[in-house]
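Beneath this line is the structure, given in structure tokens, with notes to follow.
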Amino acid sequence: MNRIDASDHYNESASKTSQIPSLLTIIIDTNPRAWAALGDLLPISKAVANLLVFVNAHLAFGNDNHVAILAAHTNRAVWLYPKSPNSDRHHSGTNGSSNGNGNGNTNAEHEDVEMTDGEAAGPRTSANKFPQFTQVESSILTSLRSLIDGTTPSDLHPTTLVSGALSLALSYTNKITHTFETPKTSSSSDPANSTTTTASADTTTSSSSTLHSRILILSVSDSEPAQYIPTMNAVFAASHARIPIDTLSLYGAPAFLQQAAFITGGTYLSAAANPRGLLSYLLFGFLADADARRSLVTPTQDIVDFRAACFCHRRVVDTGFVCSICLSIFCEVPEGAECLTCGTKLALGQYGARPAVVPRARRKKRKRVNGATSREETGSATGTPVPAAT
């Protein structure tokens, strides 16, 4: 009877009925030079429009799904959604004029903050659109327009600060993860409360399953060798936290991001051949979270570029010298054969010596007698014994 009138629904625990939240952190490569090269195939306006459709699809999968979006610019990493409360710090610190004391403080720090009406400052809602979709769209477009307008000609570097964006993404993921954890209860000697203490211990051990987190990088430029060390530090931190890093490359072949996807168990796809199919790549390759991918056939990497950058000249090398103590990589022997990182004296052994060449044994050839193949003569003076005649 309880099954018929659905009375069991009220007796089930929340962990069985609720969906596990999923956090998707997207890092957009906003390098102006790279997007200018892709302007004929995929302008940044169309790329953002396709990305918003993908974000709305992720949020529509569940009410507990969350999204965070960052922009990896040429010289900094900026939050697009949720909007950072210190978003104007970069502009006030560079464009603000110093006061008369000469201590470098800006006048903006001593002025009152202008208060605006919440309805006027907020996005215009539409009855035909989900309010959260409108909020995300308005925040992304406003922050991205402010970032582009604030870019000066001196900021037009060919590199992108992906390592800084990865660090911010991992920090935000760690913060959100702690908010979903069940608070720990203090242990008590009262045997009547032993059940409560055991239940809290079980929820604490399973805190890693309270939130499914992943990072998606939309790359339009190659990897910068100077950012090899901070990028790999962030990748290994994500691997330790079991956070997969997915990468969708619209241009080039970023070697470090290929390694990031391979190390963390993420997905790497290259859309350089057809950047206009961005939305198809996003929906069919990156919409499923880490838990749902166990039941799907996900794209795999056929070739992974495992090249590393040297610590001396920041160049990507195929073959180099590795310190046996700190594992630093050098493209050539350091001066004095001394490690530049830890100062260890490196022993090269017999490096540069010519290898010993062992002559190959000659194979015996068979002779042909009257068109028939016979064995080569052994050179023995004694002939082959034959049976005696009777």
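Labels used: A, B, ... for chains in the order of the structure tokens, numbers from 1 for residues in each chain, and numbers from 1 for ligands as shown.
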
Sorted by chain and rising residue number, which residues of range 229-308 of chain A lie within 8 Å of range 158-169 of chain A, and what are their closest atom pairs and distances in Å to one decimal, counting only C-alpha atoms, as a Markdown table?
| residue | atom | partner | partner_atom | distance |
| --- | --- | --- | --- | --- |
| A:Pro230 | CA | A:Ser163 | CA | 5.8 |
| A:Thr231 | CA | A:Ser163 | CA | 4.7 |
| A:Ala234 | CA | A:Ser167 | CA | 6.2 |

Given the selection you just returned, output its residues as a file containing all heavy atoms, formatted as a tab-separated table (two decimals), in the first residue's frame.
chain	number	residue	atom	x	y	z
A	230	PRO	N	54.61	26.39	-13.57
A	230	PRO	CA	53.32	26.64	-12.89
A	230	PRO	C	52.15	25.85	-13.47
A	230	PRO	O	51.24	25.45	-12.73
A	230	PRO	CB	53.13	28.15	-13.05
A	230	PRO	CG	53.98	28.54	-14.20
A	230	PRO	CD	55.15	27.61	-14.17
A	231	THR	N	52.18	25.60	-14.77
A	231	THR	CA	51.09	24.82	-15.37
A	231	THR	C	51.11	23.39	-14.87
A	231	THR	O	50.07	22.81	-14.51
A	231	THR	CB	51.18	24.87	-16.90
A	231	THR	OG1	51.12	26.22	-17.35
A	231	THR	CG2	50.05	24.08	-17.53
A	234	ALA	N	49.84	23.10	-11.29
A	234	ALA	CA	48.38	23.11	-11.23
A	234	ALA	C	47.78	21.80	-11.73
A	234	ALA	O	46.78	21.32	-11.19
A	234	ALA	CB	47.84	24.29	-12.03

message: Using only C-alpha atoms, which protein or nucleic acid residues come within 10 Å of Pro32 in chain A? Drop anything in the same chain fewer than 5 positions from it, and give the result as a PyMOL selection string.
response: chain A and resi 37-38+44+73-74+148+151+155-158+160+220

Just-selected residues, N, CA, C and O atoms written as an mmCIF file, in the first residue's frame:
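Everything below was put into result.cif:
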data_model
loop_
_atom_site.group_PDB
_atom_site.id
_atom_site.type_symbol
_atom_site.label_atom_id
_atom_site.label_comp_id
_atom_site.auth_asym_id
_atom_site.auth_seq_id
_atom_site.Cartn_x
_atom_site.Cartn_y
_atom_site.Cartn_z
ATOM 1 N N ALA A 37 43.334 35.962 -35.549
ATOM 2 C CA ALA A 37 43.679 34.990 -36.583
ATOM 3 C C ALA A 37 42.500 34.088 -36.929
ATOM 4 O O ALA A 37 42.405 33.576 -38.053
ATOM 5 N N LEU A 38 41.574 33.888 -35.961
ATOM 6 C CA LEU A 38 40.396 33.048 -36.198
ATOM 7 C C LEU A 38 39.170 33.864 -36.596
ATOM 8 O O LEU A 38 38.061 33.307 -36.662
ATOM 9 N N ILE A 44 34.937 35.892 -32.028
ATOM 10 C CA ILE A 44 34.782 35.645 -30.597
ATOM 11 C C ILE A 44 33.333 35.834 -30.160
ATOM 12 O O ILE A 44 32.880 35.199 -29.200
ATOM 13 N N HIS A 73 43.697 35.891 -19.896
ATOM 14 C CA HIS A 73 44.150 36.948 -20.782
ATOM 15 C C HIS A 73 45.668 36.889 -20.931
ATOM 16 O O HIS A 73 46.340 35.980 -20.438
ATOM 17 N N THR A 74 46.209 37.874 -21.627
ATOM 18 C CA THR A 74 47.647 37.869 -21.908
ATOM 19 C C THR A 74 48.489 38.131 -20.671
ATOM 20 O O THR A 74 49.604 37.625 -20.573
ATOM 21 N N ILE A 148 38.000 43.499 -22.664
ATOM 22 C CA ILE A 148 38.492 43.866 -23.997
ATOM 23 C C ILE A 148 38.738 45.367 -24.096
ATOM 24 O O ILE A 148 39.734 45.819 -24.674
ATOM 25 N N THR A 151 42.040 46.480 -22.472
ATOM 26 C CA THR A 151 43.294 45.955 -23.021
ATOM 27 C C THR A 151 43.998 47.043 -23.821
ATOM 28 O O THR A 151 43.415 47.648 -24.721
ATOM 29 N N ASP A 155 49.560 45.332 -23.843
ATOM 30 C CA ASP A 155 49.131 44.025 -23.330
ATOM 31 C C ASP A 155 49.001 42.971 -24.412
ATOM 32 O O ASP A 155 48.636 41.831 -24.110
ATOM 33 N N LEU A 156 49.261 43.320 -25.659
ATOM 34 C CA LEU A 156 49.095 42.383 -26.763
ATOM 35 C C LEU A 156 50.307 41.480 -26.874
ATOM 36 O O LEU A 156 51.174 41.642 -27.732
ATOM 37 N N HIS A 157 50.395 40.517 -25.984
ATOM 38 C CA HIS A 157 51.465 39.532 -25.994
ATOM 39 C C HIS A 157 50.966 38.258 -26.684
ATOM 40 O O HIS A 157 49.768 37.947 -26.654
ATOM 41 N N PRO A 158 51.865 37.508 -27.293
ATOM 42 C CA PRO A 158 51.427 36.252 -27.935
ATOM 43 C C PRO A 158 51.128 35.135 -26.950
ATOM 44 O O PRO A 158 50.640 34.081 -27.353
ATOM 45 N N THR A 160 49.452 33.467 -23.257
ATOM 46 C CA THR A 160 48.215 33.490 -22.480
ATOM 47 C C THR A 160 48.494 32.940 -21.094
ATOM 48 O O THR A 160 49.187 31.931 -20.948
ATOM 49 N N VAL A 220 42.933 28.763 -27.750
ATOM 50 C CA VAL A 220 43.104 29.258 -29.113
ATOM 51 C C VAL A 220 44.570 29.598 -29.402
ATOM 52 O O VAL A 220 44.870 30.210 -30.423
#

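Look at Phe262 in chain A: the protein and nucleic acid residues within 12 Å of it, using only C-alpha atoms and passing over chain neighbours fewer than 2 places away, are Val235, Phe236, Ala238, Ser239, Pro244, Ile245, Asp246, Thr247, Ala255, Phe256, Leu257, Gln258, Gln259, Ala260, Thr264, Gly265, Gly266, Thr267, Tyr268, Leu269, Pro299, Thr300, Gln301, Asp302, Ile303, Val304, Asp305 and Phe306 of chain A.
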
Which residues are near range 278-282 of chain A? Cut-off 9 Å, only C-alpha atoms, ignore same chain within fewer than 2 positions. Put them as a PDB file with all heavy atoms, in the first residue's frame.
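Here's the written file part.pdb:
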ATOM      1  N   LEU A  42      35.795  31.870 -37.072  1.00  0.00           N
ATOM      2  CA  LEU A  42      34.977  31.884 -35.857  1.00  0.00           C
ATOM      3  C   LEU A  42      35.275  33.152 -35.069  1.00  0.00           C
ATOM      4  O   LEU A  42      36.259  33.193 -34.328  1.00  0.00           O
ATOM      5  CB  LEU A  42      35.253  30.634 -35.004  1.00  0.00           C
ATOM      6  CG  LEU A  42      34.433  30.494 -33.718  1.00  0.00           C
ATOM      7  CD1 LEU A  42      32.959  30.279 -34.054  1.00  0.00           C
ATOM      8  CD2 LEU A  42      34.950  29.330 -32.875  1.00  0.00           C
ATOM      9  N   ALA A  47      31.675  32.550 -30.809  1.00  0.00           N
ATOM     10  CA  ALA A  47      32.190  31.553 -29.875  1.00  0.00           C
ATOM     11  C   ALA A  47      31.544  31.705 -28.503  1.00  0.00           C
ATOM     12  O   ALA A  47      31.187  30.714 -27.854  1.00  0.00           O
ATOM     13  CB  ALA A  47      33.712  31.677 -29.777  1.00  0.00           C
ATOM     14  N   ASN A  50      27.935  30.370 -28.669  1.00  0.00           N
ATOM     15  CA  ASN A  50      27.899  28.900 -28.588  1.00  0.00           C
ATOM     16  C   ASN A  50      28.223  28.419 -27.187  1.00  0.00           C
ATOM     17  O   ASN A  50      27.653  27.425 -26.706  1.00  0.00           O
ATOM     18  CB  ASN A  50      28.885  28.306 -29.587  1.00  0.00           C
ATOM     19  CG  ASN A  50      28.495  28.565 -31.019  1.00  0.00           C
ATOM     20  OD1 ASN A  50      27.329  28.782 -31.332  1.00  0.00           O
ATOM     21  ND2 ASN A  50      29.470  28.551 -31.919  1.00  0.00           N
ATOM     22  N   LEU A  51      29.131  29.108 -26.514  1.00  0.00           N
ATOM     23  CA  LEU A  51      29.499  28.714 -25.154  1.00  0.00           C
ATOM     24  C   LEU A  51      28.341  28.937 -24.188  1.00  0.00           C
ATOM     25  O   LEU A  51      28.151  28.148 -23.251  1.00  0.00           O
ATOM     26  CB  LEU A  51      30.726  29.500 -24.709  1.00  0.00           C
ATOM     27  CG  LEU A  51      31.379  29.063 -23.394  1.00  0.00           C
ATOM     28  CD1 LEU A  51      31.928  27.650 -23.528  1.00  0.00           C
ATOM     29  CD2 LEU A  51      32.500  30.027 -23.007  1.00  0.00           C
ATOM     30  N   VAL A  53      25.170  28.618 -24.901  1.00  0.00           N
ATOM     31  CA  VAL A  53      24.243  27.492 -25.107  1.00  0.00           C
ATOM     32  C   VAL A  53      24.735  26.261 -24.346  1.00  0.00           C
ATOM     33  O   VAL A  53      23.940  25.526 -23.719  1.00  0.00           O
ATOM     34  CB  VAL A  53      24.097  27.194 -26.606  1.00  0.00           C
ATOM     35  CG1 VAL A  53      23.218  25.965 -26.836  1.00  0.00           C
ATOM     36  CG2 VAL A  53      23.516  28.398 -27.337  1.00  0.00           C
ATOM     37  N   PHE A  54      26.028  26.031 -24.375  1.00  0.00           N
ATOM     38  CA  PHE A  54      26.599  24.893 -23.646  1.00  0.00           C
ATOM     39  C   PHE A  54      26.435  25.069 -22.143  1.00  0.00           C
ATOM     40  O   PHE A  54      26.118  24.105 -21.425  1.00  0.00           O
ATOM     41  CB  PHE A  54      28.072  24.756 -24.027  1.00  0.00           C
ATOM     42  CG  PHE A  54      28.835  23.758 -23.203  1.00  0.00           C
ATOM     43  CD1 PHE A  54      28.618  22.402 -23.347  1.00  0.00           C
ATOM     44  CD2 PHE A  54      29.779  24.184 -22.283  1.00  0.00           C
ATOM     45  CE1 PHE A  54      29.317  21.483 -22.584  1.00  0.00           C
ATOM     46  CE2 PHE A  54      30.487  23.274 -21.521  1.00  0.00           C
ATOM     47  CZ  PHE A  54      30.252  21.921 -21.666  1.00  0.00           C
ATOM     48  N   LEU A 248      39.549  21.867 -25.247  1.00  0.00           N
ATOM     49  CA  LEU A 248      39.073  21.964 -26.623  1.00  0.00           C
ATOM     50  C   LEU A 248      39.941  23.007 -27.324  1.00  0.00           C
ATOM     51  O   LEU A 248      39.868  24.194 -27.014  1.00  0.00           O
ATOM     52  CB  LEU A 248      37.598  22.360 -26.681  1.00  0.00           C
ATOM     53  CG  LEU A 248      37.004  22.553 -28.078  1.00  0.00           C
ATOM     54  CD1 LEU A 248      37.143  21.281 -28.899  1.00  0.00           C
ATOM     55  CD2 LEU A 248      35.548  22.986 -27.996  1.00  0.00           C
ATOM     56  N   LEU A 250      40.987  25.160 -30.439  1.00  0.00           N
ATOM     57  CA  LEU A 250      40.481  25.705 -31.693  1.00  0.00           C
ATOM     58  C   LEU A 250      41.592  26.094 -32.653  1.00  0.00           C
ATOM     59  O   LEU A 250      41.326  26.370 -33.819  1.00  0.00           O
ATOM     60  CB  LEU A 250      39.601  26.933 -31.422  1.00  0.00           C
ATOM     61  CG  LEU A 250      38.350  26.697 -30.591  1.00  0.00           C
ATOM     62  CD1 LEU A 250      37.616  28.002 -30.377  1.00  0.00           C
ATOM     63  CD2 LEU A 250      37.443  25.673 -31.251  1.00  0.00           C
ATOM     64  N   LEU A 269      40.232  17.403 -27.230  1.00  0.00           N
ATOM     65  CA  LEU A 269      39.732  17.406 -28.600  1.00  0.00           C
ATOM     66  C   LEU A 269      40.327  18.594 -29.341  1.00  0.00           C
ATOM     67  O   LEU A 269      40.488  19.678 -28.773  1.00  0.00           O
ATOM     68  CB  LEU A 269      38.203  17.504 -28.632  1.00  0.00           C
ATOM     69  CG  LEU A 269      37.413  16.254 -28.232  1.00  0.00           C
ATOM     70  CD1 LEU A 269      35.921  16.543 -28.294  1.00  0.00           C
ATOM     71  CD2 LEU A 269      37.758  15.078 -29.101  1.00  0.00           C
ATOM     72  N   ALA A 271      39.690  21.003 -32.500  1.00  0.00           N
ATOM     73  CA  ALA A 271      38.739  21.479 -33.500  1.00  0.00           C
ATOM     74  C   ALA A 271      39.390  22.451 -34.455  1.00  0.00           C
ATOM     75  O   ALA A 271      38.696  23.299 -35.044  1.00  0.00           O
ATOM     76  CB  ALA A 271      37.543  22.132 -32.816  1.00  0.00           C
ATOM     77  N   ASN A 274      37.971  22.363 -38.020  1.00  0.00           N
ATOM     78  CA  ASN A 274      36.625  22.909 -38.232  1.00  0.00           C
ATOM     79  C   ASN A 274      36.202  23.700 -37.000  1.00  0.00           C
ATOM     80  O   ASN A 274      35.419  23.229 -36.174  1.00  0.00           O
ATOM     81  CB  ASN A 274      35.625  21.796 -38.513  1.00  0.00           C
ATOM     82  CG  ASN A 274      34.243  22.328 -38.849  1.00  0.00           C
ATOM     83  OD1 ASN A 274      34.084  23.482 -39.242  1.00  0.00           O
ATOM     84  ND2 ASN A 274      33.243  21.479 -38.686  1.00  0.00           N
ATOM     85  N   PRO A 275      36.718  24.917 -36.802  1.00  0.00           N
ATOM     86  CA  PRO A 275      36.332  25.691 -35.609  1.00  0.00           C
ATOM     87  C   PRO A 275      34.870  26.095 -35.595  1.00  0.00           C
ATOM     88  O   PRO A 275      34.326  26.388 -34.528  1.00  0.00           O
ATOM     89  CB  PRO A 275      37.256  26.921 -35.685  1.00  0.00           C
ATOM     90  CG  PRO A 275      38.337  26.564 -36.641  1.00  0.00           C
ATOM     91  CD  PRO A 275      37.731  25.616 -37.609  1.00  0.00           C
ATOM     92  N   ARG A 276      34.207  26.129 -36.757  1.00  0.00           N
ATOM     93  CA  ARG A 276      32.806  26.532 -36.786  1.00  0.00           C
ATOM     94  C   ARG A 276      31.888  25.526 -36.110  1.00  0.00           C
ATOM     95  O   ARG A 276      30.766  25.857 -35.755  1.00  0.00           O
ATOM     96  CB  ARG A 276      32.377  26.741 -38.235  1.00  0.00           C
ATOM     97  CG  ARG A 276      33.137  27.870 -38.937  1.00  0.00           C
ATOM     98  CD  ARG A 276      32.744  27.974 -40.401  1.00  0.00           C
ATOM     99  NE  ARG A 276      33.484  29.044 -41.077  1.00  0.00           N
ATOM    100  CZ  ARG A 276      33.409  29.304 -42.378  1.00  0.00           C
ATOM    101  NH1 ARG A 276      32.623  28.548 -43.147  1.00  0.00           N
ATOM    102  NH2 ARG A 276      34.108  30.292 -42.909  1.00  0.00           N
ATOM    103  N   PHE A 284      28.619  17.281 -27.553  1.00  0.00           N
ATOM    104  CA  PHE A 284      28.817  15.837 -27.683  1.00  0.00           C
ATOM    105  C   PHE A 284      30.092  15.342 -26.999  1.00  0.00           C
ATOM    106  O   PHE A 284      30.215  14.143 -26.747  1.00  0.00           O
ATOM    107  CB  PHE A 284      28.853  15.452 -29.159  1.00  0.00           C
ATOM    108  CG  PHE A 284      27.528  15.560 -29.838  1.00  0.00           C
ATOM    109  CD1 PHE A 284      27.194  16.685 -30.566  1.00  0.00           C
ATOM    110  CD2 PHE A 284      26.588  14.545 -29.735  1.00  0.00           C
ATOM    111  CE1 PHE A 284      25.966  16.797 -31.194  1.00  0.00           C
ATOM    112  CE2 PHE A 284      25.356  14.655 -30.355  1.00  0.00           C
ATOM    113  CZ  PHE A 284      25.039  15.778 -31.084  1.00  0.00           C
ATOM    114  N   GLY A 285      31.031  16.237 -26.718  1.00  0.00           N
ATOM    115  CA  GLY A 285      32.287  15.791 -26.129  1.00  0.00           C
ATOM    116  C   GLY A 285      32.508  16.175 -24.689  1.00  0.00           C
ATOM    117  O   GLY A 285      33.266  15.491 -23.979  1.00  0.00           O
ATOM    118  N   PHE A 286      31.838  17.250 -24.202  1.00  0.00           N
ATOM    119  CA  PHE A 286      32.156  17.758 -22.866  1.00  0.00           C
ATOM    120  C   PHE A 286      30.932  18.023 -22.002  1.00  0.00           C
ATOM    121  O   PHE A 286      31.086  18.567 -20.911  1.00  0.00           O
ATOM    122  CB  PHE A 286      32.953  19.070 -22.993  1.00  0.00           C
ATOM    123  CG  PHE A 286      34.217  18.949 -23.784  1.00  0.00           C
ATOM    124  CD1 PHE A 286      34.268  19.355 -25.111  1.00  0.00           C
ATOM    125  CD2 PHE A 286      35.363  18.421 -23.219  1.00  0.00           C
ATOM    126  CE1 PHE A 286      35.427  19.246 -25.843  1.00  0.00           C
ATOM    127  CE2 PHE A 286      36.523  18.304 -23.948  1.00  0.00           C
ATOM    128  CZ  PHE A 286      36.562  18.714 -25.261  1.00  0.00           C
ATOM    129  N   LEU A 287      29.746  17.655 -22.435  1.00  0.00           N
ATOM    130  CA  LEU A 287      28.564  17.927 -21.623  1.00  0.00           C
ATOM    131  C   LEU A 287      28.439  16.954 -20.462  1.00  0.00           C
ATOM    132  O   LEU A 287      28.008  17.342 -19.370  1.00  0.00           O
ATOM    133  CB  LEU A 287      27.307  17.884 -22.491  1.00  0.00           C
ATOM    134  CG  LEU A 287      26.002  18.322 -21.823  1.00  0.00           C
ATOM    135  CD1 LEU A 287      26.124  19.735 -21.273  1.00  0.00           C
ATOM    136  CD2 LEU A 287      24.838  18.223 -22.788  1.00  0.00           C
TER     137      LEU A 287
END

message: Taking 6 positions as the minimum chain separation for residues in the same chain, which residues sit within 12 Å of Leu340 in chain A when counting only C-alpha atoms? Answer as a list in words.
response: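 The residues satisfying every condition are Cys310, Phe311, Cys312, His313, Phe321, Val322, Cys323, Ile325, Cys326, Leu327, Ser328, Ile329, Phe330, Glu332, Val333, Pro334 and Leu346 of chain A.
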
message: Considering only C-alpha atoms, can you say which of A:Arg360, A:Lys46, A:Val78, A:Ser22 comes closest to Gly62 in chain A?
response: A:Ser22

task: Would you please give, as a ChimeraX atom specification, all residues of range 177-313 of chain A that DSSP assigns to helix (DSSP H, G or I) based on the backbone?
output: /A:177-180,191-205,207-209,225-240,255-264,275-285,292-295

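Atom pair CA of Arg315 in chain A / CA of Asp222 in chain A has a distance of 13.1 Å (rounded to one decimal).
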